[in-house]
Amino acid sequence: MTVFLIADVKITDDKWVPEYAAAVHDIVHKHGGKYLSRSGNIQVIEGQPLETTLIALLQFPDERAAMAFVNDPEYAPYGKARQAGSESRFQLIDDTDIAGTIPYLGKG
């Protein structure tokens, strides 16, 4: 089942960003993933804005592949640098519909 990793990041020290941006996508691809977006162009159209400065949306073939990326020893130093220079959340969602009313999504 396809899963999506949502990275919600507030950069507090951008020293880690250039190296992370240059290298991490190769580690994502190694695990069958791909970036659908990695953008700082965030427009809040409803609700109170968060202090997010970057949102990345990644697609993986399944939860196992996403977790293999997150736990990859090659990724570890980049993840630690991101955590040290940001307030960030990684969230994983699948491609289901909890209400079960959208016919092209699996029932969640």
# chains A, B, ... in the order shown; residues from 1 in each chain; ligands from 1

$ residues_around --residues "stretch 70-87 of chain A" --least-positions-apart "4" --cutoff "12 Å" --atoms "only C-alpha atoms" --output "PyMOL selection string"
chain A and resi 5+7-31+33+50-55+58+60+63-66+91-92

$ select_by_dssp --residues "chain A" --states "strand (DSSP E)" --output "compact mmCIF listing (two decimals) with all heavy atoms, in the first residue's frame"
# COMPACT_ATOMS: atom_id res chain seq x y z
N VAL A 3 2.37 4.79 0.74
CA VAL A 3 2.34 5.68 1.90
C VAL A 3 3.03 6.99 1.54
O VAL A 3 3.83 7.06 0.60
CB VAL A 3 3.02 5.05 3.15
CG1 VAL A 3 2.28 3.81 3.59
CG2 VAL A 3 4.48 4.78 2.92
N PHE A 4 2.68 8.00 2.29
CA PHE A 4 3.24 9.33 2.09
C PHE A 4 3.88 9.80 3.39
O PHE A 4 3.26 9.71 4.45
CB PHE A 4 2.15 10.31 1.65
CG PHE A 4 1.47 9.88 0.40
CD1 PHE A 4 0.29 9.15 0.46
CD2 PHE A 4 2.01 10.17 -0.84
CE1 PHE A 4 -0.34 8.73 -0.69
CE2 PHE A 4 1.39 9.75 -2.00
CZ PHE A 4 0.21 9.03 -1.93
N LEU A 5 5.10 10.28 3.29
CA LEU A 5 5.78 10.86 4.42
C LEU A 5 5.67 12.37 4.28
O LEU A 5 6.03 12.93 3.24
CB LEU A 5 7.25 10.43 4.44
CG LEU A 5 8.04 10.80 5.69
CD1 LEU A 5 9.15 9.78 5.90
CD2 LEU A 5 8.62 12.17 5.64
N ILE A 6 5.14 13.00 5.30
CA ILE A 6 5.00 14.46 5.32
C ILE A 6 6.02 14.99 6.32
O ILE A 6 5.97 14.67 7.50
CB ILE A 6 3.58 14.89 5.73
CG1 ILE A 6 2.54 14.26 4.80
CG2 ILE A 6 3.47 16.42 5.76
CD1 ILE A 6 1.13 14.33 5.33
N ALA A 7 6.95 15.77 5.82
CA ALA A 7 7.96 16.40 6.68
C ALA A 7 7.57 17.86 6.83
O ALA A 7 7.52 18.61 5.85
CB ALA A 7 9.35 16.28 6.06
N ASP A 8 7.28 18.25 8.05
CA ASP A 8 6.87 19.62 8.39
C ASP A 8 8.02 20.21 9.20
O ASP A 8 8.31 19.74 10.29
CB ASP A 8 5.59 19.54 9.20
CG ASP A 8 5.01 20.88 9.56
OD1 ASP A 8 5.77 21.85 9.71
OD2 ASP A 8 3.79 20.95 9.73
N VAL A 9 8.68 21.23 8.65
CA VAL A 9 9.94 21.69 9.22
C VAL A 9 9.93 23.20 9.44
O VAL A 9 9.52 23.97 8.56
CB VAL A 9 11.12 21.33 8.26
CG1 VAL A 9 12.45 21.79 8.83
CG2 VAL A 9 11.13 19.84 7.95
N LYS A 10 10.38 23.60 10.61
CA LYS A 10 10.68 25.00 10.90
C LYS A 10 12.19 25.08 11.07
O LYS A 10 12.74 24.59 12.07
CB LYS A 10 9.98 25.47 12.18
CG LYS A 10 10.39 26.89 12.59
CD LYS A 10 9.82 27.25 13.94
CE LYS A 10 10.40 28.56 14.43
NZ LYS A 10 10.01 28.84 15.82
N ILE A 11 12.86 25.65 10.09
CA ILE A 11 14.32 25.74 10.13
C ILE A 11 14.72 26.79 11.16
O ILE A 11 14.24 27.92 11.12
CB ILE A 11 14.87 26.09 8.74
CG1 ILE A 11 14.53 24.96 7.75
CG2 ILE A 11 16.39 26.32 8.80
CD1 ILE A 11 14.82 25.28 6.30
N LYS A 34 10.11 8.76 -3.66
CA LYS A 34 10.35 9.94 -4.50
C LYS A 34 9.70 11.15 -3.83
O LYS A 34 8.71 11.02 -3.11
CB LYS A 34 9.82 9.76 -5.91
CG LYS A 34 8.31 9.65 -6.02
CD LYS A 34 7.90 9.51 -7.48
CE LYS A 34 6.39 9.39 -7.61
NZ LYS A 34 5.98 9.32 -9.00
N TYR A 35 10.31 12.29 -4.08
CA TYR A 35 9.73 13.54 -3.60
C TYR A 35 8.60 13.94 -4.53
O TYR A 35 8.76 13.96 -5.75
CB TYR A 35 10.78 14.65 -3.61
CG TYR A 35 11.70 14.65 -2.41
CD1 TYR A 35 12.87 13.91 -2.40
CD2 TYR A 35 11.39 15.40 -1.27
CE1 TYR A 35 13.72 13.91 -1.31
CE2 TYR A 35 12.23 15.41 -0.17
CZ TYR A 35 13.39 14.66 -0.20
OH TYR A 35 14.23 14.67 0.90
N LEU A 36 7.46 14.29 -3.97
CA LEU A 36 6.37 14.88 -4.73
C LEU A 36 6.45 16.40 -4.62
O LEU A 36 6.00 17.11 -5.51
CB LEU A 36 5.02 14.37 -4.22
CG LEU A 36 4.83 12.85 -4.30
CD1 LEU A 36 3.46 12.48 -3.74
CD2 LEU A 36 4.99 12.35 -5.73
N SER A 37 7.01 16.89 -3.52
CA SER A 37 7.23 18.33 -3.32
C SER A 37 8.23 18.51 -2.19
O SER A 37 8.28 17.72 -1.26
CB SER A 37 5.92 19.03 -2.98
OG SER A 37 6.14 20.42 -2.77
N ARG A 38 9.03 19.57 -2.30
CA ARG A 38 9.92 20.00 -1.22
C ARG A 38 9.97 21.52 -1.35
O ARG A 38 10.78 22.07 -2.07
CB ARG A 38 11.31 19.37 -1.40
CG ARG A 38 12.28 19.73 -0.30
CD ARG A 38 13.56 18.94 -0.36
NE ARG A 38 14.35 19.23 -1.54
CZ ARG A 38 15.49 18.61 -1.84
NH1 ARG A 38 15.95 17.64 -1.07
NH2 ARG A 38 16.15 18.94 -2.92
N SER A 39 9.07 22.18 -0.64
CA SER A 39 8.83 23.59 -0.92
C SER A 39 8.73 24.44 0.33
O SER A 39 8.24 24.00 1.37
CB SER A 39 7.52 23.72 -1.71
OG SER A 39 7.23 25.06 -1.99
N LEU A 54 9.20 24.92 5.70
CA LEU A 54 9.42 23.95 4.63
C LEU A 54 8.51 22.76 4.84
O LEU A 54 8.39 22.26 5.97
CB LEU A 54 10.89 23.47 4.65
CG LEU A 54 11.24 22.27 3.79
CD1 LEU A 54 11.25 22.66 2.32
CD2 LEU A 54 12.59 21.71 4.19
N ILE A 55 7.87 22.32 3.78
CA ILE A 55 7.11 21.07 3.82
C ILE A 55 7.60 20.21 2.66
O ILE A 55 7.71 20.68 1.53
CB ILE A 55 5.59 21.30 3.70
CG1 ILE A 55 5.07 22.07 4.91
CG2 ILE A 55 4.86 19.95 3.58
CD1 ILE A 55 3.60 22.45 4.84
N ALA A 56 7.90 18.97 2.98
CA ALA A 56 8.27 18.00 1.95
C ALA A 56 7.24 16.88 1.97
O ALA A 56 6.82 16.43 3.04
CB ALA A 56 9.67 17.45 2.19
N LEU A 57 6.83 16.45 0.80
CA LEU A 57 5.91 15.34 0.65
C LEU A 57 6.62 14.27 -0.17
O LEU A 57 7.03 14.53 -1.31
CB LEU A 57 4.62 15.81 -0.04
CG LEU A 57 3.57 14.74 -0.33
CD1 LEU A 57 3.09 14.09 0.96
CD2 LEU A 57 2.40 15.34 -1.10
N LEU A 58 6.79 13.10 0.44
CA LEU A 58 7.49 12.00 -0.21
C LEU A 58 6.54 10.82 -0.34
O LEU A 58 5.69 10.59 0.53
CB LEU A 58 8.70 11.55 0.61
CG LEU A 58 9.83 12.54 0.79
CD1 LEU A 58 9.53 13.55 1.87
CD2 LEU A 58 11.11 11.82 1.12
N GLN A 59 6.68 10.08 -1.42
CA GLN A 59 5.85 8.89 -1.66
C GLN A 59 6.76 7.66 -1.62
O GLN A 59 7.83 7.66 -2.22
CB GLN A 59 5.17 8.99 -3.01
CG GLN A 59 4.33 7.80 -3.37
CD GLN A 59 3.68 7.96 -4.74
OE1 GLN A 59 3.47 9.07 -5.22
NE2 GLN A 59 3.36 6.86 -5.36
N PHE A 60 6.29 6.63 -0.93
CA PHE A 60 6.99 5.35 -0.87
C PHE A 60 6.03 4.25 -1.26
O PHE A 60 4.81 4.37 -1.07
CB PHE A 60 7.53 5.09 0.54
CG PHE A 60 8.70 5.96 0.91
CD1 PHE A 60 8.50 7.18 1.53
CD2 PHE A 60 10.00 5.56 0.64
CE1 PHE A 60 9.56 7.99 1.88
CE2 PHE A 60 11.08 6.36 0.98
CZ PHE A 60 10.87 7.57 1.60
N SER A 86 16.47 22.39 13.35
CA SER A 86 15.06 22.66 13.04
C SER A 86 14.16 22.10 14.13
O SER A 86 14.58 21.31 14.97
CB SER A 86 14.67 22.01 11.70
OG SER A 86 14.55 20.61 11.83
N GLU A 87 12.92 22.53 14.06
CA GLU A 87 11.83 21.85 14.76
C GLU A 87 11.08 21.14 13.66
O GLU A 87 10.58 21.80 12.73
CB GLU A 87 10.93 22.87 15.46
CG GLU A 87 11.62 23.63 16.57
CD GLU A 87 10.75 24.75 17.13
OE1 GLU A 87 9.51 24.72 16.93
OE2 GLU A 87 11.32 25.66 17.74
N SER A 88 11.04 19.84 13.69
CA SER A 88 10.44 19.13 12.57
C SER A 88 9.63 17.93 13.02
O SER A 88 9.85 17.38 14.10
CB SER A 88 11.51 18.70 11.57
OG SER A 88 12.54 17.96 12.17
N ARG A 89 8.68 17.58 12.18
CA ARG A 89 7.84 16.41 12.39
C ARG A 89 7.82 15.61 11.10
O ARG A 89 7.69 16.17 10.01
CB ARG A 89 6.39 16.83 12.70
CG ARG A 89 6.17 17.37 14.08
CD ARG A 89 4.88 18.17 14.20
NE ARG A 89 4.86 19.36 13.37
CZ ARG A 89 5.57 20.48 13.61
NH1 ARG A 89 6.36 20.55 14.64
NH2 ARG A 89 5.48 21.52 12.82
N PHE A 90 7.96 14.30 11.22
CA PHE A 90 7.74 13.38 10.11
C PHE A 90 6.44 12.65 10.43
O PHE A 90 6.30 12.07 11.50
CB PHE A 90 8.87 12.36 10.00
CG PHE A 90 10.07 12.80 9.22
CD1 PHE A 90 10.32 14.13 8.94
CD2 PHE A 90 10.98 11.87 8.76
CE1 PHE A 90 11.44 14.52 8.22
CE2 PHE A 90 12.10 12.23 8.04
CZ PHE A 90 12.33 13.56 7.77
N GLN A 91 5.50 12.70 9.50
CA GLN A 91 4.23 12.00 9.67
C GLN A 91 4.04 11.07 8.49
O GLN A 91 4.37 11.43 7.36
CB GLN A 91 3.08 13.00 9.74
CG GLN A 91 3.22 13.98 10.91
CD GLN A 91 2.13 15.01 10.90
OE1 GLN A 91 1.03 14.77 11.38
NE2 GLN A 91 2.43 16.18 10.35
N LEU A 92 3.51 9.89 8.75
CA LEU A 92 3.30 8.90 7.71
C LEU A 92 1.81 8.64 7.58
O LEU A 92 1.13 8.37 8.59
CB LEU A 92 4.04 7.60 8.09
CG LEU A 92 4.30 6.60 6.98
CD1 LEU A 92 5.20 7.19 5.90
CD2 LEU A 92 4.94 5.35 7.56
N ILE A 93 1.30 8.74 6.37
CA ILE A 93 -0.10 8.40 6.11
C ILE A 93 -0.15 7.44 4.93
O ILE A 93 0.75 7.40 4.10
CB ILE A 93 -0.98 9.65 5.82
CG1 ILE A 93 -0.49 10.41 4.58
CG2 ILE A 93 -1.02 10.57 7.04
CD1 ILE A 93 -1.43 11.52 4.12
N ASP A 94 -1.22 6.66 4.88
CA ASP A 94 -1.38 5.75 3.75
C ASP A 94 -2.35 6.34 2.74
O ASP A 94 -2.80 7.48 2.88
CB ASP A 94 -1.83 4.37 4.24
CG ASP A 94 -3.17 4.39 4.98
OD1 ASP A 94 -3.98 5.31 4.76
OD2 ASP A 94 -3.41 3.48 5.79
N THR A 96 -5.49 5.59 2.00
CA THR A 96 -6.84 5.11 2.24
C THR A 96 -7.77 6.27 2.58
O THR A 96 -7.33 7.38 2.86
CB THR A 96 -6.89 4.09 3.40
OG1 THR A 96 -6.45 4.73 4.60
CG2 THR A 96 -6.02 2.88 3.11
N ASP A 97 -9.06 5.97 2.53
CA ASP A 97 -10.10 6.93 2.92
C ASP A 97 -10.79 6.39 4.17
O ASP A 97 -11.46 5.35 4.11
CB ASP A 97 -11.11 7.09 1.77
CG ASP A 97 -12.34 7.89 2.15
OD1 ASP A 97 -12.26 8.72 3.09
OD2 ASP A 97 -13.39 7.68 1.52
N GLY A 106 -8.55 3.03 -1.06
CA GLY A 106 -8.93 1.90 -0.23
C GLY A 106 -9.61 2.39 1.04
O GLY A 106 -9.39 3.51 1.48
N LYS A 107 -10.45 1.53 1.62
CA LYS A 107 -11.13 1.91 2.85
C LYS A 107 -10.14 1.84 4.01
O LYS A 107 -9.45 0.86 4.18
CB LYS A 107 -12.34 1.01 3.11
CG LYS A 107 -13.14 1.48 4.30
CD LYS A 107 -14.45 0.75 4.43
CE LYS A 107 -15.19 1.32 5.63
NZ LYS A 107 -16.51 0.79 5.78

$ closest_residue --among "A:Ile102, A:Gly108, A:Pro49, A:Met1" --to "A:Asp62" --atoms "only C-alpha atoms"
A:Met1

$ select_by_dssp --residues "chain A" --states "alpha helix (DSSP H)" --output "PyMOL selection string"
chain A and resi 17-30+63-70+76-84

$ write_last_selection --atoms "C-alpha atoms" --output "mmCIF file, in the first residue's frame"
data_model
loop_
_atom_site.group_PDB
_atom_site.id
_atom_site.type_symbol
_atom_site.label_atom_id
_atom_site.label_comp_id
_atom_site.auth_asym_id
_atom_site.auth_seq_id
_atom_site.Cartn_x
_atom_site.Cartn_y
_atom_site.Cartn_z
ATOM 1 C CA VAL A 17 20.158 22.498 4.497
ATOM 2 C CA PRO A 18 22.567 22.548 1.488
ATOM 3 C CA GLU A 19 24.162 19.173 2.236
ATOM 4 C CA TYR A 20 20.810 17.611 3.188
ATOM 5 C CA ALA A 21 19.144 18.930 0.027
ATOM 6 C CA ALA A 22 21.966 17.652 -2.171
ATOM 7 C CA ALA A 23 22.219 14.142 -0.714
ATOM 8 C CA VAL A 24 19.019 12.913 0.894
ATOM 9 C CA HIS A 25 16.978 12.487 -2.283
ATOM 10 C CA ASP A 26 19.391 9.735 -3.371
ATOM 11 C CA ILE A 27 18.742 7.883 -0.100
ATOM 12 C CA VAL A 28 14.990 8.329 -0.596
ATOM 13 C CA HIS A 29 15.284 6.856 -4.127
ATOM 14 C CA LYS A 30 17.345 3.934 -2.787
ATOM 15 C CA GLU A 63 5.375 1.592 5.072
ATOM 16 C CA ARG A 64 8.318 -0.794 5.172
ATOM 17 C CA ALA A 65 10.174 1.209 2.506
ATOM 18 C CA ALA A 66 9.456 4.513 4.278
ATOM 19 C CA MET A 67 10.723 3.151 7.586
ATOM 20 C CA ALA A 68 13.796 1.691 5.867
ATOM 21 C CA PHE A 69 14.599 5.209 4.623
ATOM 22 C CA VAL A 70 14.079 6.823 8.035
ATOM 23 C CA ALA A 76 21.304 9.076 10.181
ATOM 24 C CA PRO A 77 23.824 11.959 10.044
ATOM 25 C CA TYR A 78 21.497 13.998 7.819
ATOM 26 C CA GLY A 79 18.552 13.319 10.112
ATOM 27 C CA LYS A 80 20.567 14.366 13.154
ATOM 28 C CA ALA A 81 21.661 17.573 11.406
ATOM 29 C CA ARG A 82 18.029 18.339 10.477
ATOM 30 C CA GLN A 83 16.865 17.686 14.026
ATOM 31 C CA ALA A 84 19.607 19.907 15.472
#

$ atom_distance --atom1 "atom CA of A:Pro61" --atom2 "atom CA of A:Asp95"
10.4 Å
